[in-house]
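**Q** Please read through the structure below; I'll follow up with questions.
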Amino acid sequence: MQNIDNYKFAGKKAIVRVDFNVPLDENGNITDDTRIRGALPTLKKILADGGALIIMSHMGKPKGKVNPKMSLKQIVPAVSAALGVDVQFAEDCAKAADQAAALQPGQVLLLENLRFYPEEEGKPVGIDKEDPNYDAAKKEMKERQKEFAKTLASYADCYVNDAFGTAHRRHASTAVIADYFDADNKMLGYLMEKEVNAVNNILNNIKRPFTAIMGGSKVSTKIGIIENLMEKVDNLILCGGMTYTFAKAMGGKIGQSICEDDKLDLALDIIKKAKEKGVNLVLGSDCIAADAFSNDANTQVCPANAIPDGWEGLDAGPETRKAFAEAILPAKTILWNGPAGVFEFDNFTGGSRAIADAIVEATANGAFSLVGGGDSVACINKFGLADKVSYVSTGGGALLEAIEGKVLPGVAAIEGK
């Protein structure tokens with residue numbers, strides 16, 4: 001597999017898939033430029049080597065239609081400032097051949113939102129899955145997707161994928177395009193390399209004890225990950241809203257707390273599997289309950305399985321936080337995905353902060369710690385501790401699928417698997 005450090009970009013045009021799906025305010029101003037900053041090492045390496053740069057990305061979910069509110073034209077000034085180069089813009093990503101051909105070494109062209117074309121995602125438009133013609137429409141769209149990817153590939157001499165956040169999708173720009181470059185002219189960018197290595201450390205290079213913390217509101221969205229981790233971890237902390245599904249499954253009273261009533265058997269099955277596999281399963285024993293879903297609600301500490309009617313658990317309680325720390329502090333490999341409470345409310349950040357503090361301490365003592373998933377990343381950033389853990393993933397859904405053990409099309413397309 002080609003390596004970006006060894007590749008000679010001088011005199012070549014590189015088309016790079018990045019994730020510039022940055023949040024914008026109502027005036028089109030970027031409110032968080034983390035994703036742009038994350039791609040800079042790769043983009044600057046190509047320019048420093050004397051290459052020309054064609055940048056492509058999606059923004060939002062325009063569903064195959066042009067939407068000015070999701071135009072990448074809005075971020076041209078920010079990308080220009082970040083790179084220190086006046087970035088040119090292609091108004092139509094599929095009709096940029098002339099602009100790409102005219103690029104000189106050191107110059108940069110940003111393509112318009114790839115998802116303005118339905119071919120990028122490769123899903124049939126305007127037809128229902130139940131429609132008898134759906135399979136034919138799907139087949140036709142796959143052919144159109146190949147042509148779209150071939151057009152994008154024709155702009156450049158080499159392809160770099162640095163968009164881990166979309167690596168779990170077989171889109172034209174994240175996987176299909178790689179088919180039009182030989183193995184010596186396609187590679188992962190620095191951000192992708194770091195993400196892939198971080199996941200590999202968590203799943204295949206485990207130093208024990210291994211503690212995983214899974215939070216969030218629903219067991220159902222994490223079941224594949226939980227089952228895969230059950231084969232690997234020593235300690236599994238399940239926290240956040242899913243706490244109350246487990247509490248109810250074991251006969252507890254949870255008041256108005258969030259609960260997946262159709263997943264009670266699943267919760268009991270997870271408890272049983274953990275016992276069978278010798279995994280130390282850590283569940284909340286107490287909680288901070290509130291009389292309303294509000295930062296200003298009245299609160300009380302109560303057992304997670306004995307919450308009064310009219311009250312709901314919004315954060316982990318003091319005893320639970322101690323149990324979390326006991327499972328995290330001795331660990332040498334740590335994965336954190338999902339908060340322990342409604343961290344968006346300042347009065348309910350304590351459980352998540354206890355997890356973050358324990359991870360930071362364990363990391364300082366030599367553990368490898370990976371924090372990933374939107375809410376966990378928001379947590380660690382809110383607490384100002386992102387630089388105190390080993391790695392903060394930008395991946396979101398891609399990270400979760402990788403941890404679940406799934407092959408990521410965007411990575412496989414480069415690695416030739």
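Within each chain, counting starts at residue 1; across the structure tokens, chains are named A, B, ... in the order shown, with ligands numbered 1 upward in that order.
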Which residues are close to Gln256 of chain A, i.e. within 9 Å by only C-alpha atoms, leaving aside same-chain residues fewer than 3 positions away? Reply as a list in words.
**A**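 Skipping anything fewer than 3 positions along the chain leaves Cys259, Asp291, Ile307, Pro308, Asp309, Gly310, Trp311, Glu312 and Gly313 of chain A.
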**Q** Any idea what's packed within 9 Å of Ala48 of chain A, counting only C-alpha atoms, ignoring anything in its chain fewer than 6 positions away? Could you give it as a PyMOL selection string?
**A** chain A and resi 9-10+106
**Q** How would the residues just picked look written out with all heavy atoms as a PDB file, in the first residue's frame?
**A**
ATOM      1  N   PHE A   9       4.838  14.044  -4.702  1.00  0.00           N
ATOM      2  CA  PHE A   9       3.734  14.819  -5.268  1.00  0.00           C
ATOM      3  C   PHE A   9       4.201  15.889  -6.258  1.00  0.00           C
ATOM      4  O   PHE A   9       3.377  16.490  -6.947  1.00  0.00           O
ATOM      5  CB  PHE A   9       2.939  15.503  -4.146  1.00  0.00           C
ATOM      6  CG  PHE A   9       2.134  14.552  -3.303  1.00  0.00           C
ATOM      7  CD1 PHE A   9       2.589  14.132  -2.069  1.00  0.00           C
ATOM      8  CD2 PHE A   9       0.909  14.069  -3.756  1.00  0.00           C
ATOM      9  CE1 PHE A   9       1.851  13.251  -1.283  1.00  0.00           C
ATOM     10  CE2 PHE A   9       0.153  13.188  -2.984  1.00  0.00           C
ATOM     11  CZ  PHE A   9       0.629  12.777  -1.744  1.00  0.00           C
ATOM     12  N   ALA A  10       5.495  16.147  -6.334  1.00  0.00           N
ATOM     13  CA  ALA A  10       6.014  17.219  -7.186  1.00  0.00           C
ATOM     14  C   ALA A  10       5.533  17.072  -8.633  1.00  0.00           C
ATOM     15  O   ALA A  10       5.665  16.001  -9.237  1.00  0.00           O
ATOM     16  CB  ALA A  10       7.546  17.218  -7.141  1.00  0.00           C
ATOM     17  N   GLY A 106       1.338  24.064  -6.478  1.00  0.00           N
ATOM     18  CA  GLY A 106       1.105  25.034  -5.407  1.00  0.00           C
ATOM     19  C   GLY A 106      -0.276  25.650  -5.414  1.00  0.00           C
ATOM     20  O   GLY A 106      -0.651  26.358  -4.477  1.00  0.00           O
TER      21      GLY A 106
END
**Q** If you run DSSP over the backbone, which residues in segment 197-340 of chain A end up helix (DSSP H, G or I)? Put them as number ranges by chain.
**A** A: 197-204, 223-230, 242-249, 261-277, 318-328
**Q** I'd like a table as a tab-separated table: residues in segment 299-329 of chain A with an atom no more than 10 Å from segment 353-361 of chain A, each row giving the shortest atom pair and its distance in Å to one decimal, only C-alpha atoms counted, sorted by chain and rising residue number.
**A**
residue	atom	partner	partner_atom	distance
A:Ala316	CA	A:Ala354	CA	9.3
A:Pro318	CA	A:Ala354	CA	9.3
A:Thr320	CA	A:Ala354	CA	9.7
A:Arg321	CA	A:Ala354	CA	6.1
A:Lys322	CA	A:Ala354	CA	8.2
A:Phe324	CA	A:Ile355	CA	6.6
A:Ala325	CA	A:Ala358	CA	5.5
A:Glu326	CA	A:Ala358	CA	8.6
A:Ala327	CA	A:Ala358	CA	9.2
A:Ile328	CA	A:Ala358	CA	6.1
A:Leu329	CA	A:Ala358	CA	5.8
**Q** By how many Å are atom CA of Ile4 of chain A and atom CA of Glu401 of chain A apart?
**A**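 A separation of 24.7 Å between them.
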**Q** Just give me the gap between atom CA of Arg170 of chain A and atom CA of Val199 of chain A in Å, one decimal is fine.
**A**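 Rounded to one decimal, the two atoms are 19.4 Å apart.
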**Q** So that each row is one residue of segment 295-407 of chain A with an atom at most 12 Å from segment 25-36 of chain A, can you give its shortest atom pair and the distance in Å to one decimal, using only C-alpha atoms, rows by chain and rising number, as CSV?
**A**
residue,atom,partner,partner_atom,distance
A:Val377,CA,A:Thr34,CA,11.3
A:Ala378,CA,A:Asp32,CA,11.4
A:Asn381,CA,A:Thr34,CA,11.0
A:Val392,CA,A:Thr34,CA,11.5
A:Ser393,CA,A:Arg35,CA,11.0
A:Thr394,CA,A:Arg35,CA,7.8
A:Gly395,CA,A:Arg35,CA,10.4
**Q** Keeping all heavy atoms, export the residues of the selection given above as a short mmCIF file (atom, residue, chain, number, x, y, z; two decimals), in the first residue's frame.
**A**
data_model
loop_
_atom_site.label_atom_id
_atom_site.label_comp_id
_atom_site.auth_asym_id
_atom_site.auth_seq_id
_atom_site.Cartn_x
_atom_site.Cartn_y
_atom_site.Cartn_z
N VAL A 377 -16.73 13.36 22.16
CA VAL A 377 -15.79 14.38 21.70
C VAL A 377 -16.23 15.75 22.21
O VAL A 377 -15.41 16.54 22.69
CB VAL A 377 -15.68 14.37 20.16
CG1 VAL A 377 -14.82 15.53 19.67
CG2 VAL A 377 -15.11 13.04 19.67
N ALA A 378 -17.53 16.02 22.13
CA ALA A 378 -18.05 17.29 22.64
C ALA A 378 -17.77 17.41 24.14
O ALA A 378 -17.44 18.49 24.64
CB ALA A 378 -19.55 17.39 22.37
N ASN A 381 -14.01 18.03 24.81
CA ASN A 381 -13.70 19.42 24.42
C ASN A 381 -14.28 20.42 25.41
O ASN A 381 -13.65 21.41 25.75
CB ASN A 381 -14.22 19.71 23.01
CG ASN A 381 -13.39 19.03 21.93
OD1 ASN A 381 -12.20 18.77 22.13
ND2 ASN A 381 -14.00 18.72 20.81
N VAL A 392 -8.33 11.60 20.05
CA VAL A 392 -9.74 11.97 19.93
C VAL A 392 -10.14 11.75 18.48
O VAL A 392 -9.59 12.38 17.57
CB VAL A 392 -9.99 13.44 20.35
CG1 VAL A 392 -11.46 13.80 20.15
CG2 VAL A 392 -9.57 13.66 21.80
N SER A 393 -11.06 10.85 18.25
CA SER A 393 -11.46 10.48 16.89
C SER A 393 -12.47 11.47 16.33
O SER A 393 -13.39 11.90 17.02
CB SER A 393 -12.06 9.08 16.87
OG SER A 393 -12.58 8.79 15.59
N THR A 394 -12.31 11.78 15.03
CA THR A 394 -13.28 12.62 14.33
C THR A 394 -14.33 11.76 13.63
O THR A 394 -15.19 12.28 12.94
CB THR A 394 -12.57 13.48 13.26
OG1 THR A 394 -11.94 12.61 12.31
CG2 THR A 394 -11.52 14.38 13.88
N GLY A 395 -14.22 10.45 13.81
CA GLY A 395 -14.93 9.52 12.95
C GLY A 395 -16.43 9.37 13.09
O GLY A 395 -17.12 9.10 12.14
#
**Q** Can you work out the spacing between atom CA of Leu399 of chain A and atom CA of Ile270 of chain A in Å, to one decimal?
**A** 21.9 Å
**Q** With only C-alpha atoms as the basis for distance, which of A:Gln145, A:Thr299, A:Asn280, A:Asn161 is at the shortest distance from Asn3 of chain A?
**A**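 Residue with the minimum atom-to-atom distance to Asn3 of chain A: A:Asn161.
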**Q** Output as JSON lines one row per residue of segment 214-260 of chain A within 9 Å of segment 200-209 of chain A: the closest atom pair and its distance in Å to one decimal place, counting only C-alpha atoms, sorted by chain and residue number ascending.
**A**
{"residue": "A:Leu229", "atom": "CA", "partner": "A:Leu203", "partner_atom": "CA", "distance": 8.5}
{"residue": "A:Lys232", "atom": "CA", "partner": "A:Leu203", "partner_atom": "CA", "distance": 7.6}
{"residue": "A:Val233", "atom": "CA", "partner": "A:Pro209", "partner_atom": "CA", "distance": 7.6}
{"residue": "A:Asp234", "atom": "CA", "partner": "A:Pro209", "partner_atom": "CA", "distance": 5.8}
{"residue": "A:Asn235", "atom": "CA", "partner": "A:Pro209", "partner_atom": "CA", "distance": 7.6}
**Q** Go ahead and write the selection's residues with C-alpha atoms as an mmCIF file, in the first residue's frame.
**A**
data_model
loop_
_atom_site.group_PDB
_atom_site.id
_atom_site.type_symbol
_atom_site.label_atom_id
_atom_site.label_comp_id
_atom_site.auth_asym_id
_atom_site.auth_seq_id
_atom_site.Cartn_x
_atom_site.Cartn_y
_atom_site.Cartn_z
ATOM 1 C CA LEU A 229 -16.260 -5.530 22.764
ATOM 2 C CA LYS A 232 -12.126 -8.210 24.078
ATOM 3 C CA VAL A 233 -12.594 -6.111 27.237
ATOM 4 C CA ASP A 234 -11.890 -6.758 30.906
ATOM 5 C CA ASN A 235 -14.235 -4.020 32.129
#
**Q** What's around Ala413 of chain A at 10 Å? Count only C-alpha atoms, leave out sequence neighbours fewer than 5 positions away in its own chain, and write the answer as a list in words.
**A**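 Listed by chain and then number, they are Asn161, Ala167, Arg170, Thr174, Ala175, Val176, Ile177, Ala178, Asp179, Ala183, Lys186, Met187, Leu188 and Leu408 of chain A.
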**Q** Can you write out the residues you just picked, keeping N, CA and C atoms, as a PDB file, in the first residue's frame?
**A**
ATOM      1  N   ASN A 161      -7.375   9.706   0.357  1.00  0.00           N
ATOM      2  CA  ASN A 161      -8.587   9.745   1.183  1.00  0.00           C
ATOM      3  C   ASN A 161      -8.200  10.146   2.602  1.00  0.00           C
ATOM      4  N   ALA A 167     -15.717   7.156   5.899  1.00  0.00           N
ATOM      5  CA  ALA A 167     -15.060   5.921   5.441  1.00  0.00           C
ATOM      6  C   ALA A 167     -15.969   4.699   5.503  1.00  0.00           C
ATOM      7  N   ARG A 170     -19.773   3.519   1.073  1.00  0.00           N
ATOM      8  CA  ARG A 170     -19.206   3.254  -0.257  1.00  0.00           C
ATOM      9  C   ARG A 170     -19.760   4.294  -1.230  1.00  0.00           C
ATOM     10  N   THR A 174     -15.404   8.303  -1.849  1.00  0.00           N
ATOM     11  CA  THR A 174     -14.735   7.689  -0.705  1.00  0.00           C
ATOM     12  C   THR A 174     -14.239   6.271  -0.990  1.00  0.00           C
ATOM     13  N   ALA A 175     -14.776   5.640  -2.018  1.00  0.00           N
ATOM     14  CA  ALA A 175     -14.391   4.249  -2.295  1.00  0.00           C
ATOM     15  C   ALA A 175     -14.331   3.945  -3.792  1.00  0.00           C
ATOM     16  N   VAL A 176     -15.397   4.278  -4.529  1.00  0.00           N
ATOM     17  CA  VAL A 176     -15.476   3.897  -5.944  1.00  0.00           C
ATOM     18  C   VAL A 176     -14.349   4.537  -6.753  1.00  0.00           C
ATOM     19  N   ILE A 177     -14.015   5.788  -6.456  1.00  0.00           N
ATOM     20  CA  ILE A 177     -12.969   6.516  -7.186  1.00  0.00           C
ATOM     21  C   ILE A 177     -11.629   5.796  -7.126  1.00  0.00           C
ATOM     22  N   ALA A 178     -11.385   5.075  -6.026  1.00  0.00           N
ATOM     23  CA  ALA A 178     -10.099   4.385  -5.851  1.00  0.00           C
ATOM     24  C   ALA A 178      -9.867   3.328  -6.925  1.00  0.00           C
ATOM     25  N   ASP A 179     -10.961   2.828  -7.526  1.00  0.00           N
ATOM     26  CA  ASP A 179     -10.825   1.818  -8.578  1.00  0.00           C
ATOM     27  C   ASP A 179     -10.131   2.370  -9.820  1.00  0.00           C
ATOM     28  N   ALA A 183      -2.426   0.881  -7.392  1.00  0.00           N
ATOM     29  CA  ALA A 183      -2.034   0.818  -5.977  1.00  0.00           C
ATOM     30  C   ALA A 183      -0.951   1.830  -5.625  1.00  0.00           C
ATOM     31  N   LYS A 186      -2.689   5.709  -4.955  1.00  0.00           N
ATOM     32  CA  LYS A 186      -3.800   5.983  -4.028  1.00  0.00           C
ATOM     33  C   LYS A 186      -3.326   5.674  -2.618  1.00  0.00           C
ATOM     34  N   MET A 187      -3.764   6.480  -1.669  1.00  0.00           N
ATOM     35  CA  MET A 187      -3.214   6.342  -0.310  1.00  0.00           C
ATOM     36  C   MET A 187      -4.141   7.007   0.699  1.00  0.00           C
ATOM     37  N   LEU A 188      -3.900   6.676   1.969  1.00  0.00           N
ATOM     38  CA  LEU A 188      -4.591   7.331   3.069  1.00  0.00           C
ATOM     39  C   LEU A 188      -3.866   8.619   3.420  1.00  0.00           C
ATOM     40  N   LEU A 408     -14.448  -1.053   6.664  1.00  0.00           N
ATOM     41  CA  LEU A 408     -14.817   0.278   6.183  1.00  0.00           C
ATOM     42  C   LEU A 408     -14.466   0.392   4.701  1.00  0.00           C
TER      43      LEU A 408
END
**Q** Leu266 of chain A: which residues within 9 Å, counting only C-alpha atoms, same-chain residues fewer than 5 positions away excluded, as a list of chain:residue names?
**A** A:Val219, A:Ser220, A:Ile223, A:Ala249, A:Ile271
**Q** Could you tell me, as number ranges by chain, which residues of segment 114-267 of chain A DSSP assigns to strand (DSSP E) when given the backbone?
**A** A: 158-161, 186-188, 210-214, 235-238, 253-254
**Q** Using only N, CA, C and O atoms, please write the residues we just selected to a file, as a compact mmCIF listing (two decimals), in the first residue's frame.
**A**
# COMPACT_ATOMS: atom_id res chain seq x y z
N CYS A 158 -3.23 11.29 -8.76
CA CYS A 158 -3.26 10.42 -7.59
C CYS A 158 -4.45 10.79 -6.70
O CYS A 158 -5.00 11.90 -6.80
N TYR A 159 -4.82 9.85 -5.83
CA TYR A 159 -5.99 10.02 -4.96
C TYR A 159 -5.59 9.81 -3.51
O TYR A 159 -4.88 8.85 -3.18
N VAL A 160 -6.04 10.72 -2.65
CA VAL A 160 -5.78 10.62 -1.22
C VAL A 160 -7.10 10.69 -0.47
O VAL A 160 -7.88 11.63 -0.68
N ASN A 161 -7.38 9.71 0.36
CA ASN A 161 -8.59 9.75 1.18
C ASN A 161 -8.20 10.15 2.60
O ASN A 161 -7.47 9.43 3.28
N LYS A 186 -2.69 5.71 -4.95
CA LYS A 186 -3.80 5.98 -4.03
C LYS A 186 -3.33 5.67 -2.62
O LYS A 186 -2.55 4.73 -2.40
N MET A 187 -3.76 6.48 -1.67
CA MET A 187 -3.21 6.34 -0.31
C MET A 187 -4.14 7.01 0.70
O MET A 187 -5.03 7.78 0.36
N LEU A 188 -3.90 6.68 1.97
CA LEU A 188 -4.59 7.33 3.07
C LEU A 188 -3.87 8.62 3.42
O LEU A 188 -2.63 8.68 3.36
N PHE A 210 -8.23 -3.79 29.78
CA PHE A 210 -8.92 -3.01 28.75
C PHE A 210 -10.29 -2.63 29.30
O PHE A 210 -11.10 -3.49 29.62
N THR A 211 -10.53 -1.32 29.42
CA THR A 211 -11.82 -0.82 29.88
C THR A 211 -12.51 -0.04 28.77
O THR A 211 -11.91 0.89 28.20
N ALA A 212 -13.73 -0.41 28.45
CA ALA A 212 -14.53 0.34 27.47
C ALA A 212 -15.71 0.99 28.18
O ALA A 212 -16.34 0.36 29.05
N ILE A 213 -15.98 2.23 27.83
CA ILE A 213 -17.11 2.96 28.41
C ILE A 213 -18.08 3.28 27.28
O ILE A 213 -17.73 3.99 26.34
N MET A 214 -19.26 2.71 27.36
CA MET A 214 -20.30 2.97 26.36
C MET A 214 -21.44 3.74 27.02
O MET A 214 -22.05 3.25 27.98
N ASN A 235 -13.19 -4.79 31.45
CA ASN A 235 -14.24 -4.02 32.13
C ASN A 235 -15.10 -3.32 31.10
O ASN A 235 -14.58 -2.71 30.15
N LEU A 236 -16.41 -3.41 31.27
CA LEU A 236 -17.33 -2.71 30.37
C LEU A 236 -18.28 -1.85 31.20
O LEU A 236 -19.08 -2.36 31.98
N ILE A 237 -18.13 -0.53 31.04
CA ILE A 237 -19.01 0.42 31.73
C ILE A 237 -20.14 0.80 30.78
O ILE A 237 -19.88 1.26 29.66
N LEU A 238 -21.37 0.57 31.19
CA LEU A 238 -22.53 1.01 30.41
C LEU A 238 -23.22 2.10 31.20
O LEU A 238 -23.62 1.90 32.35
N LYS A 253 -37.41 0.39 39.67
CA LYS A 253 -38.36 1.46 39.34
C LYS A 253 -37.56 2.67 38.88
O LYS A 253 -36.64 3.12 39.59
N ILE A 254 -37.91 3.20 37.71
CA ILE A 254 -37.07 4.23 37.11
C ILE A 254 -37.81 5.55 36.89
O ILE A 254 -37.31 6.43 36.20
**Q** Measuring atom to atom with only C-alpha atoms, identify which of A:Met59, A:Pro409, A:Ala304, A:Gly384 is nearest to Phe164 of chain A.
**A**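 Ranking A:Met59, A:Pro409, A:Ala304, A:Gly384 by distance to Phe164 of chain A, first place goes to A:Pro409.
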**Q** Please identify all polymer residues within 9 Å of Leu103 of chain A, counting only C-alpha atoms, omitting same-chain residues fewer than 3 positions from it, and present them as a list in words.
**A**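 Returned residues: Lys13, Ala52, Leu53, Ile54, Asp98, Gln99, Ala100, Gly106, Gln107, Val108 and Leu109 of chain A.
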